[in-house]
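What follows is the content of start-v6.csv (CSV, N, CA and C atoms).
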```csv
chain,number,residue,atom,x,y,z
R,1,MET,N,-34.4,11.5,89.1
R,1,MET,CA,-35.0,11.2,87.8
R,1,MET,C,-34.2,11.9,86.7
R,2,ILE,N,-33.9,11.1,85.7
R,2,ILE,CA,-33.1,11.7,84.5
R,2,ILE,C,-34.0,12.4,83.6
R,3,PRO,N,-33.8,13.6,83.2
R,3,PRO,CA,-34.6,14.4,82.3
R,3,PRO,C,-34.4,13.9,80.9
R,4,PRO,N,-35.3,14.1,80.0
R,4,PRO,CA,-35.1,13.7,78.6
R,4,PRO,C,-33.9,14.6,78.0
R,5,LEU,N,-33.3,14.0,77.0
R,5,LEU,CA,-32.2,14.7,76.2
R,5,LEU,C,-32.8,15.4,75.0
R,6,VAL,N,-32.6,16.6,74.8
R,6,VAL,CA,-33.1,17.4,73.7
R,6,VAL,C,-32.0,17.3,72.6
R,7,VAL,N,-32.4,16.7,71.5
R,7,VAL,CA,-31.4,16.5,70.4
R,7,VAL,C,-31.9,17.4,69.2
R,8,GLU,N,-31.0,18.3,68.8
R,8,GLU,CA,-31.3,19.2,67.7
R,8,GLU,C,-30.5,18.7,66.5
R,9,LEU,N,-31.2,18.5,65.4
R,9,LEU,CA,-30.6,18.1,64.1
R,9,LEU,C,-30.4,19.3,63.3
R,10,ARG,N,-29.2,19.7,63.2
R,10,ARG,CA,-28.8,21.0,62.6
R,10,ARG,C,-29.2,21.1,61.1
R,11,LYS,N,-28.9,20.1,60.3
R,11,LYS,CA,-29.2,20.1,58.9
R,11,LYS,C,-30.7,20.1,58.6
R,12,SER,N,-31.4,19.3,59.3
R,12,SER,CA,-32.9,19.2,59.0
R,12,SER,C,-33.7,20.2,59.7
R,13,GLY,N,-33.2,20.8,60.8
R,13,GLY,CA,-33.9,21.7,61.6
R,13,GLY,C,-34.9,21.1,62.6
R,14,ARG,N,-34.9,19.7,62.7
R,14,ARG,CA,-35.8,19.0,63.6
R,14,ARG,C,-35.2,19.0,65.0
R,15,THR,N,-36.1,18.8,66.0
R,15,THR,CA,-35.7,18.5,67.4
R,15,THR,C,-36.4,17.3,67.8
R,16,VAL,N,-35.7,16.4,68.5
R,16,VAL,CA,-36.2,15.2,69.0
R,16,VAL,C,-35.9,15.1,70.5
R,17,LEU,N,-36.9,14.7,71.3
R,17,LEU,CA,-36.7,14.4,72.7
R,17,LEU,C,-36.4,12.9,72.9
R,18,VAL,N,-35.3,12.6,73.6
R,18,VAL,CA,-34.9,11.3,73.9
R,18,VAL,C,-35.2,10.9,75.3
R,19,SER,N,-36.1,10.0,75.5
R,19,SER,CA,-36.5,9.6,76.9
R,19,SER,C,-35.3,8.8,77.6
R,20,PRO,N,-35.3,8.8,78.9
R,20,PRO,CA,-34.3,8.0,79.6
R,20,PRO,C,-34.2,6.5,79.3
R,21,ALA,N,-35.3,6.0,78.7
R,21,ALA,CA,-35.4,4.6,78.4
R,21,ALA,C,-34.8,4.3,77.0
R,22,CYS,N,-34.4,5.3,76.2
R,22,CYS,CA,-33.9,5.1,74.8
R,22,CYS,C,-32.5,5.6,74.6
R,23,THR,N,-31.9,5.1,73.5
R,23,THR,CA,-30.7,5.8,73.0
R,23,THR,C,-31.1,6.8,72.0
R,24,VAL,N,-30.2,7.6,71.6
R,24,VAL,CA,-30.5,8.6,70.6
R,24,VAL,C,-30.9,7.9,69.3
R,25,LEU,N,-30.2,6.9,68.9
R,25,LEU,CA,-30.5,6.1,67.7
R,25,LEU,C,-31.9,5.6,67.7
R,26,GLU,N,-32.4,5.0,68.8
R,26,GLU,CA,-33.7,4.5,68.9
R,26,GLU,C,-34.8,5.7,68.8
R,27,ALA,N,-34.5,6.8,69.5
R,27,ALA,CA,-35.4,7.9,69.4
R,27,ALA,C,-35.5,8.5,68.0
R,28,LEU,N,-34.4,8.6,67.3
R,28,LEU,CA,-34.4,9.1,65.9
R,28,LEU,C,-35.2,8.1,65.0
R,29,GLU,N,-35.0,6.8,65.2
R,29,GLU,CA,-35.7,5.8,64.4
R,29,GLU,C,-37.2,5.9,64.7
R,30,ASP,N,-37.6,6.1,66.0
R,30,ASP,CA,-39.0,6.2,66.3
R,30,ASP,C,-39.7,7.4,65.7
R,31,GLU,N,-38.9,8.5,65.3
R,31,GLU,CA,-39.4,9.7,64.6
R,31,GLU,C,-39.3,9.5,63.1
R,32,GLY,N,-38.9,8.3,62.6
R,32,GLY,CA,-38.9,8.1,61.2
R,32,GLY,C,-37.6,8.6,60.5
R,33,ILE,N,-36.6,8.9,61.3
R,33,ILE,CA,-35.3,9.4,60.8
R,33,ILE,C,-34.4,8.2,60.5
R,34,ALA,N,-34.1,7.9,59.3
R,34,ALA,CA,-33.3,6.7,59.0
R,34,ALA,C,-31.8,7.0,59.3
R,35,ILE,N,-31.2,6.1,60.1
R,35,ILE,CA,-29.8,6.2,60.5
R,35,ILE,C,-29.2,4.8,60.2
R,36,ASP,N,-28.1,4.8,59.5
R,36,ASP,CA,-27.4,3.5,59.3
R,36,ASP,C,-26.9,3.0,60.6
R,37,SER,N,-27.1,1.7,60.9
R,37,SER,CA,-26.6,1.1,62.1
R,37,SER,C,-26.5,-0.4,61.9
R,38,MET,N,-25.7,-1.0,62.7
R,38,MET,CA,-25.5,-2.5,62.6
R,38,MET,C,-25.5,-3.1,64.0
R,39,CYS,N,-24.4,-2.9,64.7
R,39,CYS,CA,-24.2,-3.6,66.0
R,39,CYS,C,-25.0,-3.2,67.1
R,40,ARG,N,-25.3,-1.9,67.2
R,40,ARG,CA,-26.1,-1.2,68.3
R,40,ARG,C,-25.4,-1.4,69.7
R,41,ALA,N,-24.1,-1.6,69.6
R,41,ALA,CA,-23.3,-1.7,70.8
R,41,ALA,C,-22.1,-0.7,70.9
R,42,GLY,N,-22.0,0.1,69.9
R,42,GLY,CA,-20.9,1.1,69.8
R,42,GLY,C,-19.6,0.6,69.3
R,43,ILE,N,-19.6,-0.6,68.7
R,43,ILE,CA,-18.4,-1.2,68.2
R,43,ILE,C,-18.1,-1.0,66.8
R,44,CYS,N,-19.1,-1.1,65.9
R,44,CYS,CA,-18.9,-1.0,64.5
R,44,CYS,C,-18.7,0.4,63.9
R,45,GLY,N,-19.3,1.4,64.6
R,45,GLY,CA,-19.1,2.8,64.1
R,45,GLY,C,-20.1,3.2,63.0
R,46,THR,N,-21.0,2.3,62.6
R,46,THR,CA,-21.9,2.6,61.5
R,46,THR,C,-22.8,3.8,61.8
R,47,CYS,N,-23.2,4.0,63.0
R,47,CYS,CA,-24.1,5.0,63.4
R,47,CYS,C,-23.4,6.3,63.8
R,48,GLU,N,-22.1,6.3,63.7
R,48,GLU,CA,-21.3,7.5,64.1
R,48,GLU,C,-21.7,8.7,63.3
R,49,THR,N,-21.9,9.9,64.0
R,49,THR,CA,-22.1,11.1,63.3
R,49,THR,C,-21.3,12.2,64.1
R,50,VAL,N,-21.4,13.4,63.7
R,50,VAL,CA,-20.7,14.5,64.3
R,50,VAL,C,-21.6,15.2,65.3
R,51,ALA,N,-21.1,15.3,66.5
R,51,ALA,CA,-21.8,16.1,67.5
R,51,ALA,C,-21.2,17.5,67.5
R,52,LEU,N,-22.0,18.5,67.2
R,52,LEU,CA,-21.5,19.9,67.0
R,52,LEU,C,-21.3,20.6,68.3
R,53,ALA,N,-22.2,20.3,69.3
R,53,ALA,CA,-22.1,20.9,70.6
R,53,ALA,C,-23.0,20.1,71.6
R,54,ALA,N,-22.8,20.3,72.8
R,54,ALA,CA,-23.6,19.6,73.9
R,54,ALA,C,-23.6,20.5,75.1
R,55,THR,N,-24.6,20.4,75.9
R,55,THR,CA,-24.7,21.1,77.2
R,55,THR,C,-25.2,20.1,78.3
R,56,GLY,N,-24.8,20.4,79.5
R,56,GLY,CA,-25.2,19.6,80.6
R,56,GLY,C,-24.3,19.9,81.8
R,57,PRO,N,-24.5,19.3,82.9
R,57,PRO,CA,-23.8,19.6,84.1
R,57,PRO,C,-22.3,19.5,84.0
R,58,HIS,N,-21.9,18.4,83.3
R,58,HIS,CA,-20.4,18.2,83.2
R,58,HIS,C,-20.0,17.7,81.8
R,59,PRO,N,-20.2,18.5,80.7
R,59,PRO,CA,-19.7,18.1,79.4
R,59,PRO,C,-18.2,17.9,79.5
R,60,ARG,N,-17.8,16.7,79.2
R,60,ARG,CA,-16.4,16.3,79.3
R,60,ARG,C,-15.6,16.4,78.0
R,61,ASP,N,-16.3,16.5,76.9
R,61,ASP,CA,-15.6,16.5,75.7
R,61,ASP,C,-15.6,17.8,75.0
R,62,HIS,N,-14.7,17.9,74.0
R,62,HIS,CA,-14.6,19.1,73.2
R,62,HIS,C,-15.3,18.9,71.9
R,63,TYR,N,-16.0,19.9,71.4
R,63,TYR,CA,-16.9,19.7,70.2
R,63,TYR,C,-16.4,20.7,69.2
R,64,PRO,N,-16.6,20.3,67.9
R,64,PRO,CA,-17.2,19.1,67.4
R,64,PRO,C,-16.4,17.8,67.6
R,65,ARG,N,-17.1,16.7,67.7
R,65,ARG,CA,-16.5,15.4,67.9
R,65,ARG,C,-17.4,14.3,67.3
R,66,PRO,N,-16.8,13.1,67.0
R,66,PRO,CA,-17.6,12.0,66.6
R,66,PRO,C,-18.4,11.5,67.8
R,67,LEU,N,-19.6,10.9,67.5
R,67,LEU,CA,-20.5,10.4,68.5
R,67,LEU,C,-21.2,9.2,67.9
R,68,ARG,N,-21.2,8.1,68.6
R,68,ARG,CA,-22.0,6.9,68.2
R,68,ARG,C,-23.4,7.0,68.8
R,69,LEU,N,-24.4,7.1,68.0
R,69,LEU,CA,-25.8,7.3,68.4
R,69,LEU,C,-26.3,6.1,69.2
R,70,CYS,N,-25.8,4.9,68.9
R,70,CYS,CA,-26.4,3.7,69.5
R,70,CYS,C,-26.1,3.6,71.0
R,71,THR,N,-25.1,4.3,71.5
R,71,THR,CA,-24.7,4.2,72.9
R,71,THR,C,-24.9,5.6,73.6
R,72,THR,N,-25.4,6.6,72.9
R,72,THR,CA,-25.7,7.9,73.6
R,72,THR,C,-27.1,7.9,74.1
R,73,ALA,N,-27.2,8.2,75.4
R,73,ALA,CA,-28.6,8.3,76.0
R,73,ALA,C,-28.6,9.4,77.0
R,74,PRO,N,-29.8,9.8,77.4
R,74,PRO,CA,-29.9,10.9,78.4
R,74,PRO,C,-29.0,10.5,79.7
R,75,GLY,N,-28.6,11.6,80.3
R,75,GLY,CA,-27.7,11.4,81.5
R,75,GLY,C,-27.1,12.7,81.8
R,76,PRO,N,-25.8,12.8,81.8
R,76,PRO,CA,-25.2,14.1,82.1
R,76,PRO,C,-25.5,15.2,81.0
R,77,LEU,N,-25.7,14.8,79.8
R,77,LEU,CA,-26.0,15.8,78.7
R,77,LEU,C,-27.5,16.1,78.7
R,78,THR,N,-27.8,17.4,78.5
R,78,THR,CA,-29.2,17.8,78.5
R,78,THR,C,-29.6,18.3,77.1
R,79,HIS,N,-28.7,18.7,76.3
R,79,HIS,CA,-29.0,19.2,74.9
R,79,HIS,C,-27.8,18.8,74.0
R,80,LEU,N,-28.1,18.3,72.9
R,80,LEU,CA,-27.1,17.8,72.0
R,80,LEU,C,-27.4,18.3,70.6
R,81,ILE,N,-26.5,18.8,69.9
R,81,ILE,CA,-26.7,19.3,68.5
R,81,ILE,C,-25.9,18.4,67.6
R,82,LEU,N,-26.6,17.8,66.7
R,82,LEU,CA,-25.9,16.8,65.7
R,82,LEU,C,-25.9,17.4,64.3
R,83,ASP,N,-24.9,17.0,63.5
R,83,ASP,CA,-24.8,17.4,62.2
R,83,ASP,C,-25.6,16.5,61.3
R,84,LEU,N,-26.9,16.4,61.5
R,84,LEU,CA,-27.8,15.6,60.7
R,84,LEU,C,-29.0,16.5,60.2
```
Represent the supplied structure as structure tokens.
Amino acid sequence: MIPPLVVELRKSGRTVLVSPACTVLEALEDEGIAIDSMCRAGICGTCETVALAATGPHPRDHYPRPLRLCTTAPGPLTHLILDL
């Protein structure tokens, strides 16, 4: 079973739990947080923001780095800090 992803929004101080059935974009929208988005497939880059840090069993990337919220979901990452 995949655990929820804990997403910390650094600027607003909010924390959102992302269920395995959702993307980060969907979870933020469900919490009333407006995020610009268009394609929802990771192609257009409209929902891209800066990931400041992440933790999980195998974080493969160096942070800070750009991240497209529409294609990011729970999985290897367990905690994500965004510049939002």
Discussion item. Excluding stretch 35-47 of chain R and its own-chain neighbours fewer than 5 positions away, which residues fall within 6 Å of it when counting all atoms listed in the file? Please give them as JSON, numbers by chain.
Written reply: {"R": [67, 68, 69, 70, 71]}
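Taking stretch 18-50 of chain R and asking which residues DSSP calls alpha helix (DSSP H) on the backbone, you get R:Val24, R:Leu25, R:Glu26, R:Ala27, R:Leu28, R:Glu29, R:Asp30.
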Discussion item. I'd like the contact shell of stretch 14-18 of chain R - 6 Å cut-off, all atoms listed in the file, skipping same-chain residues fewer than 5 positions apart - returned as a list in words.
Written reply: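 After dropping sequence-adjacent residues, the list is Pro4, Leu5, Val6, Val7, Glu8, Leu9, Ala27 and Pro74 of chain R.
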Item to complete: Tell me, as an MDAnalysis selection string, which residues lie within 5 Å of R:Val24, counting all atoms listed in the file; anything in the same chain fewer than 2 positions away does not count.
Response: chainID R and resid 22 26:28 69 72:73
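Shortest separation to R:Thr23 among R:Leu52, R:Asp61, R:Asp83, R:Gly75 occurs at residue R:Gly75, atoms counted being only C-alpha atoms.
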Save stretch 41-82 of chain R to disk from that block, N, CA and C atoms included, as a compact mmCIF listing (two decimals), in the first residue's frame.
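Output below, filename decode.txt:
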```txt
# COMPACT_ATOMS: atom_id res chain seq x y z
N ALA R 41 -1.24 16.89 -18.04
CA ALA R 41 -0.48 15.72 -18.51
C ALA R 41 1.03 15.95 -18.40
N GLY R 42 1.44 17.07 -17.84
CA GLY R 42 2.86 17.34 -17.68
C GLY R 42 3.54 17.90 -18.91
N ILE R 43 2.76 18.30 -19.90
CA ILE R 43 3.33 18.77 -21.17
C ILE R 43 3.48 20.29 -21.22
N CYS R 44 2.45 21.02 -20.79
CA CYS R 44 2.45 22.48 -20.99
C CYS R 44 3.32 23.23 -20.00
N GLY R 45 3.51 22.70 -18.81
CA GLY R 45 4.33 23.37 -17.80
C GLY R 45 3.62 24.45 -17.02
N THR R 46 2.32 24.64 -17.23
CA THR R 46 1.59 25.70 -16.55
C THR R 46 1.58 25.52 -15.03
N CYS R 47 1.51 24.29 -14.56
CA CYS R 47 1.42 24.03 -13.11
C CYS R 47 2.80 23.85 -12.47
N GLU R 48 3.85 24.11 -13.21
CA GLU R 48 5.20 23.91 -12.67
C GLU R 48 5.50 24.90 -11.55
N THR R 49 6.08 24.39 -10.49
CA THR R 49 6.52 25.20 -9.36
C THR R 49 7.87 24.67 -8.90
N VAL R 50 8.42 25.28 -7.87
CA VAL R 50 9.73 24.86 -7.37
C VAL R 50 9.56 23.93 -6.18
N ALA R 51 10.14 22.75 -6.29
CA ALA R 51 10.23 21.83 -5.16
C ALA R 51 11.50 22.18 -4.42
N LEU R 52 11.37 22.57 -3.17
CA LEU R 52 12.53 22.98 -2.37
C LEU R 52 13.27 21.79 -1.78
N ALA R 53 12.53 20.73 -1.45
CA ALA R 53 13.13 19.53 -0.86
C ALA R 53 12.12 18.40 -0.93
N ALA R 54 12.62 17.18 -0.80
CA ALA R 54 11.77 16.00 -0.78
C ALA R 54 12.48 14.90 -0.02
N THR R 55 11.68 14.01 0.59
CA THR R 55 12.25 12.86 1.26
C THR R 55 11.47 11.62 0.86
N GLY R 56 12.11 10.51 0.93
CA GLY R 56 11.51 9.23 0.59
C GLY R 56 12.60 8.19 0.49
N PRO R 57 12.23 6.97 0.15
CA PRO R 57 13.22 5.90 0.10
C PRO R 57 14.35 6.13 -0.90
N HIS R 58 14.02 6.70 -2.04
CA HIS R 58 15.03 6.88 -3.09
C HIS R 58 14.86 8.22 -3.81
N PRO R 59 14.99 9.36 -3.12
CA PRO R 59 14.89 10.63 -3.87
C PRO R 59 16.01 10.69 -4.90
N ARG R 60 15.63 10.80 -6.15
CA ARG R 60 16.60 10.73 -7.26
C ARG R 60 17.09 12.10 -7.70
N ASP R 61 16.44 13.13 -7.28
CA ASP R 61 16.74 14.45 -7.82
C ASP R 61 17.42 15.34 -6.79
N HIS R 62 18.08 16.35 -7.31
CA HIS R 62 18.68 17.36 -6.45
C HIS R 62 17.71 18.52 -6.32
N TYR R 63 17.65 19.10 -5.16
CA TYR R 63 16.70 20.18 -4.88
C TYR R 63 17.44 21.43 -4.50
N PRO R 64 16.86 22.61 -4.77
CA PRO R 64 15.56 22.87 -5.39
C PRO R 64 15.57 22.52 -6.87
N ARG R 65 14.38 22.22 -7.39
CA ARG R 65 14.22 21.89 -8.80
C ARG R 65 12.77 22.14 -9.22
N PRO R 66 12.52 22.35 -10.53
CA PRO R 66 11.15 22.51 -11.00
C PRO R 66 10.38 21.20 -10.88
N LEU R 67 9.08 21.32 -10.64
CA LEU R 67 8.23 20.14 -10.49
C LEU R 67 6.86 20.45 -11.07
N ARG R 68 6.35 19.57 -11.88
CA ARG R 68 5.00 19.74 -12.45
C ARG R 68 4.00 19.02 -11.55
N LEU R 69 3.12 19.78 -10.97
CA LEU R 69 2.20 19.28 -9.96
C LEU R 69 1.17 18.30 -10.52
N CYS R 70 0.85 18.42 -11.81
CA CYS R 70 -0.18 17.57 -12.40
C CYS R 70 0.27 16.13 -12.60
N THR R 71 1.57 15.88 -12.55
CA THR R 71 2.07 14.52 -12.74
C THR R 71 2.77 13.98 -11.49
N THR R 72 2.77 14.73 -10.42
CA THR R 72 3.41 14.29 -9.18
C THR R 72 2.36 13.68 -8.26
N ALA R 73 2.62 12.46 -7.82
CA ALA R 73 1.69 11.73 -6.97
C ALA R 73 2.46 10.95 -5.92
N PRO R 74 1.77 10.44 -4.90
CA PRO R 74 2.47 9.62 -3.91
C PRO R 74 3.15 8.43 -4.57
N GLY R 75 4.21 8.01 -3.97
CA GLY R 75 4.99 6.90 -4.50
C GLY R 75 6.28 6.85 -3.73
N PRO R 76 7.42 6.98 -4.42
CA PRO R 76 8.68 6.95 -3.71
C PRO R 76 8.86 8.12 -2.73
N LEU R 77 8.27 9.27 -3.04
CA LEU R 77 8.41 10.43 -2.15
C LEU R 77 7.39 10.33 -1.03
N THR R 78 7.81 10.70 0.18
CA THR R 78 6.89 10.68 1.31
C THR R 78 6.62 12.07 1.86
N HIS R 79 7.49 13.02 1.56
CA HIS R 79 7.35 14.40 2.04
C HIS R 79 7.92 15.33 0.99
N LEU R 80 7.17 16.34 0.64
CA LEU R 80 7.56 17.27 -0.41
C LEU R 80 7.37 18.69 0.10
N ILE R 81 8.35 19.54 -0.08
CA ILE R 81 8.23 20.95 0.31
C ILE R 81 8.23 21.79 -0.96
N LEU R 82 7.15 22.55 -1.14
CA LEU R 82 6.98 23.38 -2.33
C LEU R 82 7.10 24.85 -1.99
```
